[in-house]
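Taking it in order: structure first as structure tokens, then the write-up.
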Amino acid sequence: MTAKRVSYTLDSSLQSVNTAEETAQLLASKAGFDEDNCLRISMAVREAAVNAVLHGNAYDPNKKMTIAFENTGRALVITVTDEGRGLDVSKVPDPTTPENLLKQSGRGIFLMRSFMDEVRIRLLAPGTEVTMVKNVSGPAEHHKEASK
Amino acid sequence: MTAKRVSYTLDSSLQSVNTAEETAQLLASKAGFDEDNCLRISMAVREAAVNAVLHGNAYDPNKKMTIAFENTGRALVITVTDEGRGLDVSKVPDPTTPENLLKQSGRGIFLMRSFMDEVRIRLLAPGTEVTMVKNVSGPAEHHKEASK
Amino acid sequence: MSMKSITRQVDGITIVDLSGRITLGEGSVVLRDIVRDLVTKGQRKILLNLGDVTYIDSSGIGELVSAFTTVRNQGGELKLLNLTKKVHDLLQITKLYTVFDVKDDEATAVAAFK
Amino acid sequence: MSMKSITRQVDGITIVDLSGRITLGEGSVVLRDIVRDLVTKGQRKILLNLGDVTYIDSSGIGELVSAFTTVRNQGGELKLLNLTKKVHDLLQITKLYTVFDVKDDEATAVAAFK
Ligand SMILES: Nc1ncnc2c1ncn2[C@@H]1O[C@H](COP(=O)(O)OP(=O)(O)O)[C@@H](O)[C@H]1O
Ligand SMILES: Nc1ncnc2c1ncn2[C@@H]1O[C@H](COP(=O)(O)OP(=O)(O)O)[C@@H](O)[C@H]1O
């Protein structure tokens with residue numbers, strides 16, 4: 001894996017969500033991840049992109065989503081940002097508790113966390129930045145500790 | 001009003017829904033409808049376009065929505081078609097009955113009927129065609145009878 | 001084009017001033033998110049000020065209904081303030097006008113919460 | 001790319017063979033419409049065959065859950081048939097696997113309805 005970074009600025013549409021998902025699938029595969037991990041990465045990216053378009057930018061034609069992929073050699077680092085109202089993670093309930101299990105929504109961030117080794121959410125002013133890390137050879141605990 | 005017909009073929013996206021709504025607003029105004037009726041027409045068109053994109057074509061990039069506006073001199077006749085799975089109107093419940101009143105959805109076709117003088121829904125193979133008529137000078141009963 | 005919102009507190013009531021369009025895509029998800037956030041934070045008395053709402057479609061109406069039932073199911077109250085004629089007519093047509101508690105003066109609305 | 005569905009009747013059970021993607025936009029509204037139509041027509045025993053479903057996102061999972069609760073609230077039963085490994089894993093992760101009655105053989109599934 002050689003280090004490189006590529007970034008896309010996309011309209012707030014469902015088509016952009018599909019573009020983000022497909023690009024993630026392609027770049028994950030190029031970065032050497034196996035089929036299962038490519039799928040996990042592309043699903044996490046899809047969830048982040050849906051949130052950016054739907055909850056963040058609310059399909060506003062004047063607001064863009066950006067998605068950046070960086071291959072650090074040890075990991076694929078993917079950053080999805082929007083220009084929306086901001087996400088307060090402390091207010092996002094656990095979708096697997098009995099009282100939330102049969103709710104229709106609320107599983108997006110949970111799935112990102114399940115599929116990636118690390119998910120960091122940061123408030124911009126305005127907007128939200130979601131950074132997702134997938135290590136080349138499974139969860140690297142020391143790396144996780146170091147980046148906290 | 002002079003007779004004329006214009007037709008657009010649009011992608012199955014929310015952007016197309018907005019385009020359809022704005023075009024309806026413009027053409028209704030050109031056809032001489034007052035502000036209130038222009039709004040009613042554009043709202044009915046928006047509901048028909050949402051249904052075509054969401055329920056009909058289900059955002060499929062290979063399926064198109066078409067919207068045609070015809071000014072017959074007596075009425076503005078608007079036809080929205082999709083290439084979807086077809087709509088069986090007999091299965092659409094009345095959203096104003098007590099058991100449906102607090103449902104989240106199911107008011108689109110009802111609003112089209114409320115805002116336009118006439119709404120006809122026809123199954124294509126495959127797809128749905130929704131024809132909506134707004135008379136230039138209010139509901140013309142004899143015209144309605146004749147077209148049944 | 002899209003919806004904007006400002007949330008403020010008056011005498012223990014959360015007032016949400018909405019402006020713009022509450023339609024599929026643009027405003028309806030935002031409205032849902034706002035109401036869910038308030039309920040998660042424990043707010044149970046919510047007044048939606050629709051005075052500057054320019055357009056609502058059937059999806060927006062659905063979101064208003066579902067905000068209403070969400071808050072009520074948590075033992076709270078959601079009221080509407082300052083309907084424009086358009087929005088008023090829309091609620092009349094859909095027979096929802098009597099479902100909502102609609103006020104046209106903020107002080108009266110605030111005082112009307114239990 | 002988008003979702004396809006075929007609906008058939010076997011011994012009083014409605015089997016819906018789904019294929020493609022159940023995701024926001026593409027398949028999730030279609031799935032909702034199909035289940036609502038069946039329930040409106042009085043069908044209360046529904047078996048969703050997910051054998052050819054290639055991709056489900058959180059919105060698709062939400063639609064499956066809501067299909068399940070819609071049918072159950074009408075006194076009916078909705079079961080799942082033929083999960084691929086991907087879909088199986090997704091239901092495990094989200095703790096929904098034990099919520100659904102999942103079968104991997106059509107005849108067994110049909111016989112399992114009350
Ligand atoms: N980019 C974002 N901007 C603003 N709010 C967000 C964003 N992403 C998520 N949220 C909020 O967090 C909640 C939970 O998100 P998620 O776990 O993805 O589930 P869902 O999207 O199904 O609700 C959303 O309902 C929304 O209120
Ligand atoms: N163009 C269409 N193609 C297929 N099904 C449709 C179409 N339009 C409407 N429907 C069906 O009719 C139902 C009622 O539509 P509508 O009254 O517009 O309310 P809503 O869209 O809020 O459900 C929809 O839920 C859908 O199942």
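By order in the structure tokens, chains are A, B, ...; within a chain, residues start at 1; ligands start at 1, following the order shown.
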Exercise for review: Could you please extract the residues within 7 Å of ligand 2, counting only C-alpha atoms and all ligand atoms, and hand them back as a ChimeraX atom specification?
Suggested key: /B:47,51-52,55-56,82,84-87,89,92,105-110,127-128 /C:58-59 /D:33,37
Review point. Residues at most 9 Å from Thr40 of chain C, counting only C-alpha atoms, excluding those fewer than 2 positions away in the same chain, as a PyMOL selection string?
Key: (chain A and resi 91-93) or (chain C and resi 35-38+42-43)
Can you write out the residues you just picked, keeping N, CA and C atoms, as an mmCIF file, in the first residue's frame?
```cif
data_model
loop_
_atom_site.group_PDB
_atom_site.id
_atom_site.type_symbol
_atom_site.label_atom_id
_atom_site.label_comp_id
_atom_site.auth_asym_id
_atom_site.auth_seq_id
_atom_site.Cartn_x
_atom_site.Cartn_y
_atom_site.Cartn_z
ATOM 1 N N LYS A 91 -26.479 12.091 22.039
ATOM 2 C CA LYS A 91 -27.937 11.964 21.976
ATOM 3 C C LYS A 91 -28.406 10.786 21.126
ATOM 4 N N VAL A 92 -27.439 10.037 20.571
ATOM 5 C CA VAL A 92 -27.824 8.913 19.719
ATOM 6 C C VAL A 92 -27.963 7.648 20.570
ATOM 7 N N PRO A 93 -29.186 7.099 20.656
ATOM 8 C CA PRO A 93 -29.394 5.944 21.544
ATOM 9 C C PRO A 93 -28.851 4.637 20.934
ATOM 10 N N VAL C 35 -37.417 17.075 16.622
ATOM 11 C CA VAL C 35 -38.368 16.618 17.633
ATOM 12 C C VAL C 35 -37.791 15.432 18.413
ATOM 13 N N ARG C 36 -37.149 14.513 17.708
ATOM 14 C CA ARG C 36 -36.518 13.380 18.400
ATOM 15 C C ARG C 36 -35.445 13.839 19.377
ATOM 16 N N ASP C 37 -34.634 14.804 18.952
ATOM 17 C CA ASP C 37 -33.588 15.323 19.835
ATOM 18 C C ASP C 37 -34.200 15.921 21.097
ATOM 19 N N LEU C 38 -35.251 16.721 20.917
ATOM 20 C CA LEU C 38 -35.888 17.361 22.075
ATOM 21 C C LEU C 38 -36.440 16.317 23.023
ATOM 22 N N GLY C 42 -35.425 15.080 27.002
ATOM 23 C CA GLY C 42 -36.400 15.148 28.081
ATOM 24 C C GLY C 42 -37.406 16.286 27.934
ATOM 25 N N GLN C 43 -37.359 17.014 26.827
ATOM 26 C CA GLN C 43 -38.349 18.075 26.610
ATOM 27 C C GLN C 43 -39.683 17.436 26.263
#
```
When DSSP is applied to the backbone of this structure, which of segment 51-110 of chain C are assigned alpha helix (DSSP H)? Write them out as a short mmCIF file (atom, residue, chain, number, x, y, z; two decimals) with all heavy atoms, in the first residue's frame.
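Wrote it out as part-v3.cif, contents follow:
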```cif
data_model
loop_
_atom_site.label_atom_id
_atom_site.label_comp_id
_atom_site.auth_asym_id
_atom_site.auth_seq_id
_atom_site.Cartn_x
_atom_site.Cartn_y
_atom_site.Cartn_z
N SER C 58 -47.36 16.58 1.50
CA SER C 58 -47.97 15.51 2.29
C SER C 58 -46.95 14.85 3.21
O SER C 58 -47.30 14.38 4.30
CB SER C 58 -48.62 14.46 1.39
OG SER C 58 -47.65 13.72 0.69
N SER C 59 -45.70 14.86 2.80
CA SER C 59 -44.65 14.30 3.64
C SER C 59 -44.43 15.19 4.87
O SER C 59 -44.24 14.68 5.99
CB SER C 59 -43.38 14.17 2.80
OG SER C 59 -42.27 13.98 3.59
N GLY C 60 -44.49 16.49 4.68
CA GLY C 60 -44.39 17.42 5.80
C GLY C 60 -45.56 17.30 6.76
O GLY C 60 -45.39 17.34 7.99
N ILE C 61 -46.76 17.14 6.21
CA ILE C 61 -47.93 16.93 7.06
C ILE C 61 -47.73 15.66 7.89
O ILE C 61 -47.98 15.63 9.10
CB ILE C 61 -49.22 16.80 6.22
CG1 ILE C 61 -49.47 18.08 5.42
CG2 ILE C 61 -50.42 16.49 7.11
CD1 ILE C 61 -50.63 17.96 4.44
N GLY C 62 -47.25 14.61 7.23
CA GLY C 62 -46.99 13.35 7.92
C GLY C 62 -45.99 13.53 9.06
O GLY C 62 -46.14 12.94 10.13
N GLU C 63 -44.99 14.35 8.83
CA GLU C 63 -43.98 14.60 9.86
C GLU C 63 -44.60 15.36 11.04
O GLU C 63 -44.24 15.11 12.19
CB GLU C 63 -42.84 15.41 9.27
CG GLU C 63 -41.48 14.81 9.21
CD GLU C 63 -41.32 13.33 9.42
OE1 GLU C 63 -41.33 12.90 10.59
OE2 GLU C 63 -41.15 12.59 8.45
N LEU C 64 -45.50 16.30 10.76
CA LEU C 64 -46.17 17.02 11.85
C LEU C 64 -47.00 16.05 12.69
O LEU C 64 -46.97 16.09 13.92
CB LEU C 64 -47.08 18.13 11.30
CG LEU C 64 -46.41 19.39 10.73
CD1 LEU C 64 -47.46 20.35 10.18
CD2 LEU C 64 -45.56 20.10 11.81
N VAL C 65 -47.74 15.18 12.01
CA VAL C 65 -48.56 14.20 12.71
C VAL C 65 -47.68 13.30 13.55
O VAL C 65 -47.97 13.01 14.72
CB VAL C 65 -49.37 13.33 11.70
CG1 VAL C 65 -50.05 12.17 12.42
CG2 VAL C 65 -50.38 14.18 10.96
N SER C 66 -46.54 12.89 12.97
CA SER C 66 -45.74 11.95 13.71
C SER C 66 -44.97 12.62 14.84
O SER C 66 -44.77 12.00 15.90
CB SER C 66 -44.95 11.16 12.69
OG SER C 66 -43.69 11.13 12.70
N ALA C 67 -44.66 13.90 14.70
CA ALA C 67 -44.10 14.66 15.83
C ALA C 67 -45.13 14.71 16.96
O ALA C 67 -44.82 14.47 18.13
CB ALA C 67 -43.76 16.08 15.38
N PHE C 68 -46.36 14.98 16.57
CA PHE C 68 -47.46 15.06 17.55
C PHE C 68 -47.61 13.75 18.32
O PHE C 68 -47.67 13.74 19.55
CB PHE C 68 -48.76 15.40 16.80
CG PHE C 68 -49.99 15.38 17.65
CD1 PHE C 68 -50.30 16.47 18.45
CD2 PHE C 68 -50.83 14.28 17.65
CE1 PHE C 68 -51.44 16.46 19.24
CE2 PHE C 68 -51.97 14.26 18.43
CZ PHE C 68 -52.28 15.36 19.23
N THR C 69 -47.65 12.62 17.60
CA THR C 69 -47.86 11.34 18.29
C THR C 69 -46.62 10.92 19.09
O THR C 69 -46.75 10.37 20.17
CB THR C 69 -48.26 10.22 17.30
OG1 THR C 69 -47.29 10.13 16.26
CG2 THR C 69 -49.61 10.48 16.67
N THR C 70 -45.43 11.22 18.57
CA THR C 70 -44.20 10.90 19.31
C THR C 70 -44.20 11.59 20.68
O THR C 70 -43.93 10.96 21.70
CB THR C 70 -42.95 11.39 18.53
OG1 THR C 70 -42.93 10.75 17.26
CG2 THR C 70 -41.66 11.06 19.27
N VAL C 71 -44.49 12.89 20.67
CA VAL C 71 -44.46 13.65 21.92
C VAL C 71 -45.57 13.17 22.85
O VAL C 71 -45.37 12.96 24.05
CB VAL C 71 -44.59 15.17 21.63
CG1 VAL C 71 -44.70 15.96 22.93
CG2 VAL C 71 -43.40 15.65 20.80
N ARG C 72 -46.74 12.94 22.30
CA ARG C 72 -47.87 12.49 23.11
C ARG C 72 -47.60 11.12 23.73
O ARG C 72 -47.92 10.89 24.90
CB ARG C 72 -49.14 12.43 22.25
CG ARG C 72 -50.40 12.40 23.08
CD ARG C 72 -51.64 12.28 22.25
NE ARG C 72 -51.60 11.10 21.38
CZ ARG C 72 -52.60 10.74 20.58
NH1 ARG C 72 -53.69 11.49 20.49
NH2 ARG C 72 -52.50 9.66 19.84
N ASN C 73 -46.98 10.22 22.94
CA ASN C 73 -46.67 8.88 23.48
C ASN C 73 -45.66 8.93 24.62
O ASN C 73 -45.51 7.98 25.37
CB ASN C 73 -46.13 7.97 22.38
CG ASN C 73 -47.20 7.63 21.36
OD1 ASN C 73 -48.39 7.84 21.61
ND2 ASN C 73 -46.78 7.11 20.21
N LYS C 85 -52.37 31.06 6.21
CA LYS C 85 -53.64 30.62 5.64
C LYS C 85 -53.46 29.30 4.88
O LYS C 85 -54.27 28.37 5.00
CB LYS C 85 -54.22 31.71 4.72
CG LYS C 85 -55.63 31.36 4.27
CD LYS C 85 -56.26 32.42 3.42
CE LYS C 85 -57.58 31.89 2.83
NZ LYS C 85 -57.43 30.63 2.07
N LYS C 86 -52.37 29.20 4.13
CA LYS C 86 -52.10 27.99 3.35
C LYS C 86 -52.04 26.75 4.23
O LYS C 86 -52.62 25.72 3.94
CB LYS C 86 -50.72 28.10 2.67
CG LYS C 86 -50.64 29.02 1.49
CD LYS C 86 -49.20 28.99 0.94
CE LYS C 86 -48.75 30.37 0.56
NZ LYS C 86 -47.32 30.41 0.19
N VAL C 87 -51.26 26.87 5.31
CA VAL C 87 -51.07 25.72 6.19
C VAL C 87 -52.38 25.40 6.93
O VAL C 87 -52.76 24.24 7.08
CB VAL C 87 -49.91 25.96 7.18
CG1 VAL C 87 -49.80 24.83 8.19
CG2 VAL C 87 -48.60 26.11 6.41
N HIS C 88 -53.08 26.45 7.34
CA HIS C 88 -54.38 26.29 7.97
C HIS C 88 -55.32 25.50 7.05
O HIS C 88 -55.96 24.52 7.46
CB HIS C 88 -54.94 27.67 8.29
CG HIS C 88 -56.35 27.65 8.81
ND1 HIS C 88 -57.43 27.61 7.97
CD2 HIS C 88 -56.84 27.64 10.07
CE1 HIS C 88 -58.53 27.58 8.70
NE2 HIS C 88 -58.20 27.59 9.97
N ASP C 89 -55.38 25.90 5.78
CA ASP C 89 -56.26 25.23 4.82
C ASP C 89 -55.87 23.77 4.64
O ASP C 89 -56.73 22.88 4.54
CB ASP C 89 -56.22 25.95 3.46
CG ASP C 89 -56.90 27.31 3.52
OD1 ASP C 89 -57.51 27.63 4.57
OD2 ASP C 89 -56.81 28.06 2.53
N LEU C 90 -54.57 23.53 4.59
CA LEU C 90 -54.07 22.17 4.40
C LEU C 90 -54.50 21.27 5.57
O LEU C 90 -54.90 20.12 5.37
CB LEU C 90 -52.54 22.25 4.34
CG LEU C 90 -51.76 21.26 3.50
CD1 LEU C 90 -52.36 21.08 2.13
CD2 LEU C 90 -50.31 21.75 3.37
N LEU C 91 -54.45 21.80 6.78
CA LEU C 91 -54.85 21.01 7.94
C LEU C 91 -56.37 20.82 7.96
O LEU C 91 -56.87 19.78 8.39
CB LEU C 91 -54.36 21.65 9.24
CG LEU C 91 -52.83 21.67 9.42
CD1 LEU C 91 -52.47 22.20 10.81
CD2 LEU C 91 -52.22 20.29 9.23
N GLN C 92 -57.11 21.81 7.46
CA GLN C 92 -58.57 21.67 7.35
C GLN C 92 -58.92 20.55 6.37
O GLN C 92 -59.70 19.66 6.68
CB GLN C 92 -59.19 22.99 6.84
CG GLN C 92 -59.26 24.10 7.87
CD GLN C 92 -60.45 23.93 8.83
OE1 GLN C 92 -61.09 22.89 8.86
NE2 GLN C 92 -60.71 24.96 9.62
N ILE C 93 -58.34 20.64 5.18
CA ILE C 93 -58.64 19.66 4.12
C ILE C 93 -58.37 18.23 4.58
O ILE C 93 -59.13 17.32 4.32
CB ILE C 93 -57.76 19.95 2.87
CG1 ILE C 93 -58.17 21.27 2.22
CG2 ILE C 93 -57.84 18.82 1.86
CD1 ILE C 93 -57.21 21.70 1.11
N GLU C 106 -48.23 33.71 20.90
CA GLU C 106 -47.21 32.95 21.62
C GLU C 106 -47.47 32.87 23.11
O GLU C 106 -47.37 31.79 23.71
CB GLU C 106 -45.82 33.53 21.34
CG GLU C 106 -44.73 32.67 21.96
CD GLU C 106 -43.33 33.14 21.59
OE1 GLU C 106 -43.06 33.33 20.38
OE2 GLU C 106 -42.50 33.33 22.50
N ALA C 107 -47.82 34.01 23.72
CA ALA C 107 -48.03 34.03 25.17
C ALA C 107 -49.18 33.10 25.57
O ALA C 107 -49.08 32.32 26.52
CB ALA C 107 -48.30 35.45 25.64
N THR C 108 -50.27 33.17 24.80
CA THR C 108 -51.42 32.30 25.06
C THR C 108 -51.02 30.84 24.91
O THR C 108 -51.40 29.98 25.71
CB THR C 108 -52.56 32.61 24.05
OG1 THR C 108 -52.71 34.02 23.97
CG2 THR C 108 -53.85 31.96 24.46
N ALA C 109 -50.24 30.57 23.86
CA ALA C 109 -49.81 29.19 23.60
C ALA C 109 -48.98 28.67 24.76
O ALA C 109 -49.22 27.57 25.26
CB ALA C 109 -49.02 29.13 22.29
N VAL C 110 -48.03 29.48 25.21
CA VAL C 110 -47.15 29.06 26.31
C VAL C 110 -47.97 28.78 27.57
O VAL C 110 -47.76 27.77 28.25
CB VAL C 110 -46.05 30.12 26.56
CG1 VAL C 110 -45.33 29.87 27.89
CG2 VAL C 110 -45.05 30.15 25.40
#
```
Exercise for review: Define the interface residues of chain B facing chain A as those within 12 Å, counting only C-alpha atoms, and report them as a list of chain:residue names.
Suggested key: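 Result, ordered by chain then number: B:Asp11, B:Ser12, B:Ser13, B:Leu14, B:Gln15, B:Ser16, B:Asn18, B:Leu54, B:Ala58, B:Tyr59, B:Asp60, B:Pro61.
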Which residues of chain D come within 6 Å of chain B, and what is each one's closest atom pair and distance in Å (one decimal), counting only C-alpha atoms, sorted by chain and residue number, as a Markdown table?
```
| residue | atom | partner | partner_atom | distance |
| --- | --- | --- | --- | --- |
| D:Ser2 | CA | B:Asp60 | CA | 6.0 |
| D:Gly25 | CA | B:Tyr59 | CA | 5.8 |
| D:Glu26 | CA | B:Ala58 | CA | 5.2 |
```
Dump of N, CA, C and O atoms for the selected residues, as a compact mmCIF listing (two decimals), in the first residue's frame:
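The result, written out as selection.txt:
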```txt
# COMPACT_ATOMS: atom_id res chain seq x y z
N SER D 2 -31.85 -1.92 -8.90
CA SER D 2 -32.94 -1.75 -7.93
C SER D 2 -33.52 -3.10 -7.51
O SER D 2 -33.13 -4.14 -8.02
N GLY D 25 -34.20 4.57 -0.64
CA GLY D 25 -34.48 4.99 -2.00
C GLY D 25 -34.82 3.81 -2.87
O GLY D 25 -35.95 3.64 -3.29
N GLU D 26 -33.84 2.93 -3.08
CA GLU D 26 -34.09 1.87 -4.05
C GLU D 26 -35.15 0.86 -3.63
O GLU D 26 -36.18 0.71 -4.25
```
Review point. In Å to one decimal, how far is atom CA of Leu102 of chain A from atom CA of Val16 of chain D?
Key: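 Spanning atom CA of Val16 of chain D to atom CA of Leu102 of chain A is a straight-line distance of 21.7 Å.
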